[in-house]
file final_31.txt (compact mmCIF, C-alpha atoms and all ligand atoms)
# COMPACT_ATOMS: atom_id res chain seq x y z
CA ALA A 1 57.18 -13.15 39.22
CA PRO A 2 56.47 -12.13 35.64
CA LEU A 3 52.91 -13.41 35.93
CA SER A 4 50.70 -13.37 39.02
CA LEU A 5 47.01 -14.15 39.37
CA ILE A 6 44.99 -12.95 42.33
CA GLN A 7 41.61 -14.56 42.77
CA GLY A 8 38.82 -13.77 45.20
CA PRO A 9 35.07 -14.13 45.58
CA PRO A 10 32.88 -10.98 45.63
CA GLY A 11 33.77 -8.41 48.25
CA THR A 12 37.00 -10.08 49.38
CA GLY A 13 38.98 -6.93 48.68
CA LYS A 14 40.44 -7.69 45.25
CA THR A 15 40.25 -4.07 44.16
CA THR A 16 41.43 -2.84 47.57
CA THR A 17 44.33 -5.31 47.50
CA THR A 18 45.17 -4.23 43.94
CA CYS A 19 45.39 -0.58 44.99
CA HIS A 20 47.67 -1.44 47.94
CA LEU A 21 49.80 -3.67 45.73
CA VAL A 22 50.18 -0.88 43.19
CA ARG A 23 51.21 1.56 45.90
CA ARG A 24 53.89 -0.86 47.06
CA LEU A 25 55.10 -1.28 43.49
CA VAL A 26 55.25 2.49 43.06
CA GLU A 27 57.37 2.79 46.22
CA LYS A 28 59.63 -0.03 45.10
CA HIS A 29 60.09 1.26 41.55
CA CYS A 30 60.77 4.78 42.75
CA GLN A 31 63.42 3.50 45.16
CA ASP A 32 65.04 1.49 42.39
CA SER A 33 64.90 4.69 40.32
CA ARG A 34 63.57 2.63 37.46
CA GLY A 35 60.86 5.18 36.95
CA CYS A 36 57.36 4.63 38.20
CA ASN A 37 55.95 3.01 35.14
CA ILE A 38 52.87 1.07 36.06
CA LEU A 39 49.73 0.68 34.02
CA VAL A 40 46.51 -0.20 35.84
CA ALA A 41 43.59 -1.30 33.71
CA ALA A 42 40.15 -2.87 33.78
CA ASP A 43 37.52 -3.62 31.17
CA SER A 44 34.93 -1.02 32.15
CA ASN A 45 35.22 2.67 32.91
CA VAL A 46 33.45 2.11 36.23
CA ALA A 47 36.03 -0.47 37.30
CA VAL A 48 38.90 1.82 36.27
CA ASP A 49 37.35 4.67 38.25
CA GLN A 50 37.13 2.43 41.32
CA LEU A 51 40.84 1.66 41.04
CA LEU A 52 41.68 5.31 40.42
CA ALA A 53 39.69 6.44 43.47
CA GLY A 54 41.41 3.78 45.60
CA LEU A 55 44.86 4.81 44.39
CA ILE A 56 44.22 8.48 45.05
CA ARG A 57 43.02 7.65 48.57
CA LEU A 58 46.38 5.95 49.10
CA GLY A 59 48.24 9.04 47.91
CA VAL A 60 49.34 7.61 44.57
CA LYS A 61 49.75 10.14 41.77
CA ALA A 62 47.59 8.52 39.12
CA LEU A 63 46.70 9.83 35.67
CA ARG A 64 43.46 8.71 34.04
CA ILE A 65 43.49 8.17 30.29
CA GLY A 66 40.10 8.22 28.58
CA PHE A 67 37.22 10.43 27.50
CA PRO A 68 36.40 12.75 30.42
CA SER A 69 32.68 12.22 29.76
CA LYS A 70 33.13 8.52 30.56
CA VAL A 71 34.94 9.26 33.82
CA SER A 72 32.95 9.88 36.99
CA GLN A 73 32.57 13.58 37.80
CA GLU A 74 34.66 13.50 40.99
CA LEU A 75 37.61 12.00 39.15
CA ARG A 76 37.64 14.17 36.02
CA ALA A 77 40.41 16.37 37.37
CA GLN A 78 42.67 13.31 37.11
CA THR A 79 42.12 12.87 33.37
CA LEU A 80 44.85 13.57 30.86
CA GLN A 81 42.61 16.17 29.23
CA ALA A 82 41.94 18.08 32.46
CA GLN A 83 45.59 17.98 33.47
CA ALA A 84 46.68 19.11 30.01
CA GLU A 85 44.56 22.24 30.41
CA GLU A 86 46.55 23.10 33.53
CA HIS A 87 49.91 22.40 31.91
CA PRO A 88 52.32 25.37 31.43
CA LEU A 89 52.56 24.64 27.70
CA ASN A 90 48.81 25.01 27.31
CA SER A 91 49.00 28.79 26.91
CA LYS A 92 51.39 28.28 23.99
CA ILE A 93 48.97 25.82 22.39
CA GLU A 94 46.12 28.33 22.76
CA GLU A 95 48.21 31.16 21.29
CA THR A 96 49.09 28.99 18.31
CA ARG A 97 45.44 28.00 17.87
CA GLU A 98 44.46 31.66 17.80
CA ALA A 99 47.15 32.47 15.27
CA LEU A 100 45.97 29.52 13.18
CA SER A 101 42.37 30.65 13.18
CA LYS A 102 43.42 34.21 12.19
CA VAL A 103 45.36 32.92 9.18
CA LYS A 104 42.45 30.69 8.22
CA ASP A 105 40.00 33.59 8.48
CA ALA A 106 42.22 35.73 6.27
CA LEU A 107 42.61 32.95 3.74
CA TYR A 108 38.94 32.04 3.57
CA SER A 109 37.84 35.69 3.35
CA GLY A 110 39.38 35.75 -0.12
CA SER A 111 41.37 38.96 0.55
CA LEU A 112 44.72 37.26 0.10
CA LYS A 113 46.23 36.97 -3.35
CA GLY A 114 49.29 35.39 -4.91
CA LYS A 115 52.25 35.35 -2.52
CA GLY A 116 50.08 36.22 0.50
CA LYS A 117 47.93 33.16 -0.17
CA GLY A 118 50.99 30.93 -0.43
CA LEU A 119 52.37 32.27 2.84
CA ALA A 120 49.04 31.69 4.57
CA HIS A 121 49.04 28.04 3.49
CA ARG A 122 52.60 27.69 4.77
CA ASP A 123 51.65 29.31 8.12
CA ILE A 124 48.67 27.02 8.52
CA SER A 125 50.78 23.89 8.17
CA LEU A 126 53.44 25.33 10.51
CA HIS A 127 50.83 26.15 13.19
CA VAL A 128 49.18 22.76 12.85
CA ARG A 129 52.57 21.09 13.19
CA ASP A 130 53.42 23.20 16.26
CA ILE A 131 50.11 22.45 17.94
CA GLN A 132 50.62 18.70 17.42
CA LYS A 133 54.17 18.98 18.72
CA TYR A 134 53.15 20.89 21.87
CA GLU A 135 50.24 18.53 22.52
CA GLN A 136 52.55 15.55 22.25
CA GLU A 137 55.03 17.23 24.62
CA VAL A 138 52.27 17.87 27.16
CA THR A 139 51.03 14.28 26.91
CA ASP A 140 54.53 12.83 27.22
CA ASP A 141 55.32 15.08 30.17
CA LEU A 142 52.13 14.19 32.05
CA ILE A 143 52.59 10.47 31.43
CA ALA A 144 56.24 10.58 32.45
CA ASN A 145 55.42 12.41 35.67
CA ALA A 146 52.52 10.23 36.78
CA GLU A 147 53.30 7.38 39.13
CA VAL A 148 50.56 5.24 37.66
CA ILE A 149 48.48 5.36 34.48
CA CYS A 150 44.87 4.17 34.68
CA ALA A 151 42.90 3.24 31.57
CA THR A 152 40.33 0.82 30.27
CA LEU A 153 41.74 -2.20 28.45
CA VAL A 154 40.73 -0.69 25.12
CA GLY A 155 42.01 2.72 26.26
CA CYS A 156 45.47 1.16 26.69
CA GLY A 157 45.65 1.15 22.91
CA CYS A 158 44.91 4.87 22.47
CA ASP A 159 47.20 7.35 20.72
CA ALA A 160 48.32 9.00 23.98
CA LEU A 161 49.92 5.71 25.07
CA LEU A 162 51.24 4.76 21.64
CA ARG A 163 54.86 5.39 22.65
CA SER A 164 54.56 4.15 26.25
CA ASN A 165 55.45 0.78 27.66
CA PHE A 166 55.25 -0.17 31.31
CA HIS A 167 57.34 -2.29 33.60
CA THR A 168 54.20 -3.64 35.25
CA VAL A 169 50.65 -3.98 33.98
CA VAL A 170 47.89 -4.75 36.47
CA ILE A 171 44.43 -5.81 35.26
CA ASP A 172 41.50 -5.86 37.67
CA GLU A 173 38.27 -7.73 36.91
CA ALA A 174 40.32 -9.67 34.39
CA SER A 175 37.91 -12.61 34.39
CA GLN A 176 35.18 -10.37 32.94
CA ALA A 177 37.18 -9.22 29.93
CA THR A 178 37.47 -10.93 26.58
CA GLU A 179 40.95 -12.10 25.64
CA PRO A 180 41.53 -9.61 22.79
CA ARG A 181 40.81 -6.71 25.14
CA CYS A 182 43.25 -8.08 27.72
CA LEU A 183 45.87 -8.38 25.02
CA ILE A 184 45.69 -4.63 24.31
CA ALA A 185 46.88 -3.99 27.87
CA LEU A 186 49.19 -6.98 27.91
CA GLN A 187 51.23 -5.74 24.93
CA LYS A 188 52.23 -2.73 27.07
CA ALA A 189 53.86 -4.93 29.74
CA GLN A 190 57.63 -5.18 29.63
CA ALA A 191 58.35 -7.29 32.69
CA GLN A 192 55.38 -8.11 34.86
CA LEU A 193 51.68 -8.85 34.54
CA VAL A 194 49.29 -9.09 37.47
CA MET A 195 45.75 -10.21 36.77
CA VAL A 196 43.01 -9.97 39.36
CA GLY A 197 39.65 -11.66 39.00
CA ASP A 198 37.33 -14.48 39.87
CA GLN A 199 36.51 -17.26 37.46
CA GLN A 200 33.30 -17.99 39.43
CA GLN A 201 31.81 -14.59 38.69
CA LEU A 202 30.37 -13.33 35.40
CA PRO A 203 32.35 -14.29 32.30
CA PRO A 204 32.90 -11.70 29.54
CA VAL A 205 29.68 -10.52 27.92
CA VAL A 206 29.62 -11.86 24.37
CA LEU A 207 26.46 -11.25 22.36
CA CYS A 208 27.57 -12.83 19.12
CA PRO A 209 26.74 -16.60 19.15
CA ALA A 210 29.45 -17.41 16.59
CA ALA A 211 32.10 -15.63 18.68
CA GLU A 212 30.84 -17.35 21.79
CA GLU A 213 31.01 -20.73 20.11
CA LYS A 214 34.60 -20.05 19.07
CA GLY A 215 35.54 -19.41 22.71
CA LEU A 216 35.43 -15.64 23.20
CA ARG A 217 33.69 -16.13 26.54
CA CYS A 218 36.81 -17.73 27.96
CA SER A 219 38.86 -14.93 29.50
CA LEU A 220 42.64 -14.89 29.52
CA PHE A 221 42.41 -15.21 33.32
CA ASP A 222 40.40 -18.43 32.95
CA ARG A 223 42.66 -19.78 30.25
CA LEU A 224 45.74 -19.26 32.43
CA LEU A 225 44.08 -20.75 35.48
CA ASN A 226 43.12 -23.86 33.57
CA SER A 227 46.39 -24.37 31.78
CA PRO A 228 49.20 -25.90 33.85
CA THR A 229 51.60 -25.39 30.96
CA LEU A 230 50.96 -21.64 30.88
CA PHE A 231 50.59 -21.07 34.60
CA ASN A 232 51.80 -23.67 37.05
CA GLN A 233 51.89 -21.77 40.32
CA GLU A 234 49.53 -22.23 43.19
CA ILE A 235 46.70 -19.76 43.23
CA ASN A 236 46.03 -17.99 46.49
CA MET A 237 42.41 -17.13 46.91
CA LEU A 238 41.38 -14.14 49.02
CA GLN A 239 38.98 -15.78 51.45
CA VAL A 240 37.61 -13.09 53.74
CA GLN A 241 34.68 -11.07 52.43
CA TYR A 242 33.55 -7.70 53.76
CA ARG A 243 30.34 -7.10 51.84
CA MET A 244 27.72 -9.76 52.48
CA HIS A 245 25.73 -10.61 55.56
CA PRO A 246 27.09 -13.95 56.83
CA LEU A 247 23.79 -15.67 56.03
CA ILE A 248 23.90 -14.38 52.46
CA ARG A 249 27.53 -15.49 52.17
CA GLU A 250 26.68 -19.09 53.08
CA TRP A 251 25.15 -20.19 49.80
CA PRO A 252 27.73 -18.83 47.33
CA SER A 253 30.47 -20.04 49.64
CA SER A 254 29.26 -23.63 49.65
CA GLN A 255 28.07 -23.59 46.05
CA PHE A 256 31.11 -22.03 44.35
CA TYR A 257 34.03 -21.81 46.76
CA ASP A 258 34.14 -25.18 48.58
CA GLY A 259 32.84 -23.49 51.73
CA ARG A 260 36.11 -21.54 52.08
CA LEU A 261 34.64 -18.05 52.11
CA GLN A 262 34.83 -16.37 55.51
CA ASP A 263 33.29 -13.23 56.98
CA GLY A 264 35.40 -10.19 57.80
CA LEU A 265 32.56 -8.38 59.54
CA PRO A 266 30.43 -9.75 62.40
CA MET A 267 26.64 -10.25 62.08
CA SER A 268 26.07 -7.22 64.31
CA THR A 269 27.45 -4.90 61.61
CA PHE A 270 24.45 -5.67 59.47
CA SER A 271 21.71 -5.46 62.09
CA SER A 272 20.71 -1.96 61.03
CA CYS A 273 19.53 -3.24 57.66
CA VAL A 274 15.90 -3.65 58.65
CA MET A 275 13.25 -3.80 55.96
CA THR A 276 10.28 -1.59 56.69
CA LYS A 277 7.69 -2.79 54.20
CA PRO A 278 4.35 -2.85 56.06
CA PHE A 279 3.30 -6.22 54.61
CA LEU A 280 6.21 -8.00 56.29
CA SER A 281 5.82 -9.65 59.65
CA LYS A 282 8.13 -8.65 62.50
CA SER A 283 10.48 -11.58 62.06
CA GLN A 284 10.54 -11.13 58.29
CA ARG A 285 11.61 -7.50 58.70
CA LYS A 286 14.79 -8.56 60.44
CA ALA A 287 15.67 -11.39 58.07
CA PRO A 288 18.84 -10.78 56.06
CA ILE A 289 17.36 -12.57 53.05
CA LEU A 290 13.73 -12.77 52.15
CA LEU A 291 12.42 -14.59 49.11
CA LEU A 292 8.91 -13.47 48.19
CA ASP A 293 6.82 -15.56 45.85
CA THR A 294 5.07 -13.06 43.60
CA SER A 295 3.87 -15.49 40.96
CA ASP A 296 0.21 -15.26 42.11
CA ASP A 297 0.17 -11.47 42.22
CA GLY A 298 0.33 -10.92 38.47
CA SER A 299 1.69 -7.67 37.08
CA GLU A 300 1.02 -5.79 40.34
CA ALA A 301 3.89 -7.64 41.95
N1 LIG B 1 41.25 -5.91 54.58
C1 LIG B 1 40.06 -5.30 54.65
N2 LIG B 1 39.53 -4.95 55.85
C2 LIG B 1 38.32 -4.36 55.93
N3 LIG B 1 37.55 -4.06 54.87
C3 LIG B 1 38.03 -4.37 53.67
C4 LIG B 1 39.30 -5.01 53.48
N4 LIG B 1 39.50 -5.21 52.16
C5 LIG B 1 38.40 -4.73 51.56
N5 LIG B 1 37.52 -4.22 52.43
C6 LIG B 1 36.22 -3.63 52.13
O1 LIG B 1 35.45 -4.62 51.48
C7 LIG B 1 34.62 -4.06 50.46
C8 LIG B 1 34.88 -4.80 49.17
O2 LIG B 1 36.22 -4.54 48.75
P1 LIG B 1 36.62 -4.58 47.22
O3 LIG B 1 35.72 -3.73 46.40
O4 LIG B 1 38.07 -4.30 47.17
O5 LIG B 1 36.33 -6.10 46.89
P2 LIG B 1 36.39 -6.86 45.50
O6 LIG B 1 36.88 -8.23 45.78
O7 LIG B 1 37.13 -6.06 44.52
O8 LIG B 1 34.85 -6.94 45.10
P3 LIG B 1 34.22 -7.30 43.65
O9 LIG B 1 34.20 -8.80 43.54
O10 LIG B 1 32.85 -6.73 43.69
O11 LIG B 1 35.08 -6.65 42.61
C9 LIG B 1 34.98 -2.59 50.40
O12 LIG B 1 33.99 -1.86 51.10
C10 LIG B 1 36.32 -2.51 51.11
O13 LIG B 1 36.49 -1.26 51.74
MG MG B 2 36.65 -5.33 42.61
call {"tool": "encode", "arguments": {"input": "final_31.txt", "output": "structure tokens"}}
result
Amino acid sequence: APLSLIQGPPGTGKTTTTCHLVRRLVEKHCQDSRGCNILVAADSNVAVDQLLAGLIRLGVKALRIGFPSKVSQELRAQTLQAQAEEHPLNSKIEETREALSKVKDALYSGSLKGKGKGLAHRDISLHVRDIQKYEQEVTDDLIANAEVICATLVGCGCDALLRSNFHTVVIDEASQATEPRCLIALQKAQAQLVMVGDQQQLPPVVLCPAAEEKGLRCSLFDRLLNSPTLFNQEINMLQVQYRMHPLIREWPSSQFYDGRLQDGLPMSTFSSCVMTKPFLSKSQRKAPILLLDTSDDGSEA
């Protein structure tokens, strides 16, 4: 289908499912020899890193676009910048940079006159052009050889991806992103868009009241879900959660998900989570949820 929405309450494996789905798509595209052109995106760097880590665990060759400083330390080796440093053409780029700085030094030292000066200016523009050309070649080569590209929604609009389009674009945590950000990733999709999210969780953060009033807090995911003319397929909700203690799951399940949320892990899995605060009674220490009224304790609470 050109458009698919995957919805699931917290901890139901949306991100895990997304990673497995992407691996299947990679296998399928490679078999069809259509080239493995899949773009995986999310609003925040943290969410993109989660996807990237999941994909790498599944053996997918993923390339991370974005500032290395915004990427978690363990995943920096997957960034375009880190991979570019390892690329065979990198030595050529460095040689050209050195040559460029030598010409600049000579020029700025004032020792060159007349024709020599003119030649130096010509060499500078030639070196700059070569460096840009090599850098573009490296970028294109790395992107073409990756099975999957991972980027933030805004990162999908960066220069490195300017000339790239993708058969499939997958957006995780789509319900937390504003529409304009989703559109940056969406414009890269040639054939298929998969959006993953949960309209019952946090909407996009919008601090500007005027923008909020004009509807920026409605995500594209929400808009599609609520518009039968735009999206008229049945939505399949992931229903089994693997994160919460069953007793903690009860309230959100009944409050937001018509009581449909189920537990993937038995109570016994959580029994080791015992609170050790000395002021708690024995039974309180074993309780999975404990609400403490601190209103009488003032600032010490
Ligand atoms: N099919 C599964 N079997 C067992 N554990 C699973 C399964 N799917 C996911 N998990 C585990 O459940 C936890 C939550 O998974 P995941 O992060 O994919 O959920 P999510 O729906 O993306 O959560 P969030 O709403 O916070 O984004 C992870 O620890 C993951 O390993
Ligand atoms: Mg997730």
call {"tool": "closest_residue", "arguments": {"input": "final_31.txt", "among": "A:Asp105, A:Glu137, A:Asp297, A:Asp49", "to": "ligand MG 2 (chain B)", "atoms": "only C-alpha atoms and all ligand atoms"}}
result
A:Asp49
call {"tool": "closest_residue", "arguments": {"input": "final_31.txt", "among": "A:Ile248, A:Leu216, A:Leu193, A:Ala47", "to": "ligand LIG 1 (chain B)", "atoms": "all atoms listed in the file"}}
result
A:Ala47
call {"tool": "residues_near_ligand", "arguments": {"input": "final_31.txt", "ligand": "ligand MG 2 (chain B)", "cutoff": "9 Å", "atoms": "only C-alpha atoms and all ligand atoms", "output": "ChimeraX atom specification"}}
result
/A:10-16,18,47,50-51,172-173,196-197
call {"tool": "residues_around", "arguments": {"input": "final_31.txt", "residues": "A:Gln73", "least_positions_apart": "3", "cutoff": "12 Å", "atoms": "all atoms listed in the file", "output": "list in words"}}
result
Val46, Asp49, Ala53, Phe67, Pro68, Ser69, Lys70, Arg76, Ala77, Gln78, Thr79 and Ala82 of chain A
call {"tool": "closest_residue", "arguments": {"input": "final_31.txt", "among": "A:His20, A:Lys113, A:Arg260, A:Lys28", "to": "ligand LIG 1 (chain B)", "atoms": "all atoms listed in the file"}}
result
A:His20
call {"tool": "atom_distance", "arguments": {"input": "final_31.txt", "atom1": "atom CA of A:Ala84", "atom2": "atom CA of A:Val138"}}
result
6.4 Å
call {"tool": "closest_residue", "arguments": {"input": "final_31.txt", "among": "A:Leu186, A:Val26, A:Ala42, A:Leu80", "to": "ligand LIG 1 (chain B)", "atoms": "all atoms listed in the file"}}
result
A:Ala42
call {"tool": "atom_distance", "arguments": {"input": "final_31.txt", "atom1": "atom O11 of ligand LIG 1 (chain B)", "atom2": "atom CA of A:Gly155"}}
result
20.1 Å
call {"tool": "closest_residue", "arguments": {"input": "final_31.txt", "among": "A:Lys115, A:Lys61, A:Lys188, A:Arg122", "to": "A:Glu27", "atoms": "all atoms listed in the file"}}
result
A:Lys61
call {"tool": "closest_residue", "arguments": {"input": "final_31.txt", "among": "A:Gln192, A:Asn37, A:Ser111, A:Thr269", "to": "A:Tyr242", "atoms": "all atoms listed in the file"}}
result
A:Thr269
call {"tool": "atom_distance", "arguments": {"input": "final_31.txt", "atom1": "atom CA of A:Asp140", "atom2": "atom CA of A:Ala41"}}
result
19.0 Å
call {"tool": "residues_around", "arguments": {"input": "final_31.txt", "residues": "A:Ile235", "least_positions_apart": "3", "cutoff": "12 Å", "atoms": "only C-alpha atoms", "output": "PyMOL selection string"}}
result
chain A and resi 3-8+195-199+221+224-226+228+231-232+238-239
call {"tool": "residues_around", "arguments": {"input": "final_31.txt", "residues": "A:Ala211", "least_positions_apart": "5", "cutoff": "12 Å", "atoms": "all atoms listed in the file", "output": "NGL selection string"}}
result
:A and (178-180 or 204-206 or 216-218)
call {"tool": "residues_around", "arguments": {"input": "final_31.txt", "residues": "A:Leu162", "least_positions_apart": "2", "cutoff": "12 Å", "atoms": "all atoms listed in the file", "output": "list in words"}}
result
Gln136, Thr139, Asp140, Ile143, Gly155, Cys156, Gly157, Cys158, Asp159, Ala160, Ser164, Asn165, Phe166, Ile184, Ala185, Gln187 and Lys188 of chain A
call {"tool": "axis_aligned_box", "arguments": {"input": "final_31.txt", "around": "stretch 280-286 of chain A", "padding_each_side": "3 Å", "output": "JSON"}}
result
{"center_x": 10.3, "center_y": -9.5, "center_z": 59.4, "size_x": 15.0, "size_y": 10.1, "size_z": 12.2}
call {"tool": "residues_around", "arguments": {"input": "final_31.txt", "residues": "A:Gly118", "least_positions_apart": "6", "cutoff": "12 Å", "atoms": "all atoms listed in the file", "output": "mmCIF file with C-alpha atoms, keeping the file's coordinate frame"}}
result
data_model
loop_
_atom_site.group_PDB
_atom_site.id
_atom_site.type_symbol
_atom_site.label_atom_id
_atom_site.label_comp_id
_atom_site.auth_asym_id
_atom_site.auth_seq_id
_atom_site.Cartn_x
_atom_site.Cartn_y
_atom_site.Cartn_z
ATOM 1 C CA VAL A 103 45.360 32.920 9.180
ATOM 2 C CA LEU A 107 42.610 32.950 3.740
ATOM 3 C CA LEU A 112 44.720 37.260 0.100
ATOM 4 C CA ILE A 124 48.670 27.020 8.520
ATOM 5 C CA SER A 125 50.780 23.890 8.170
#
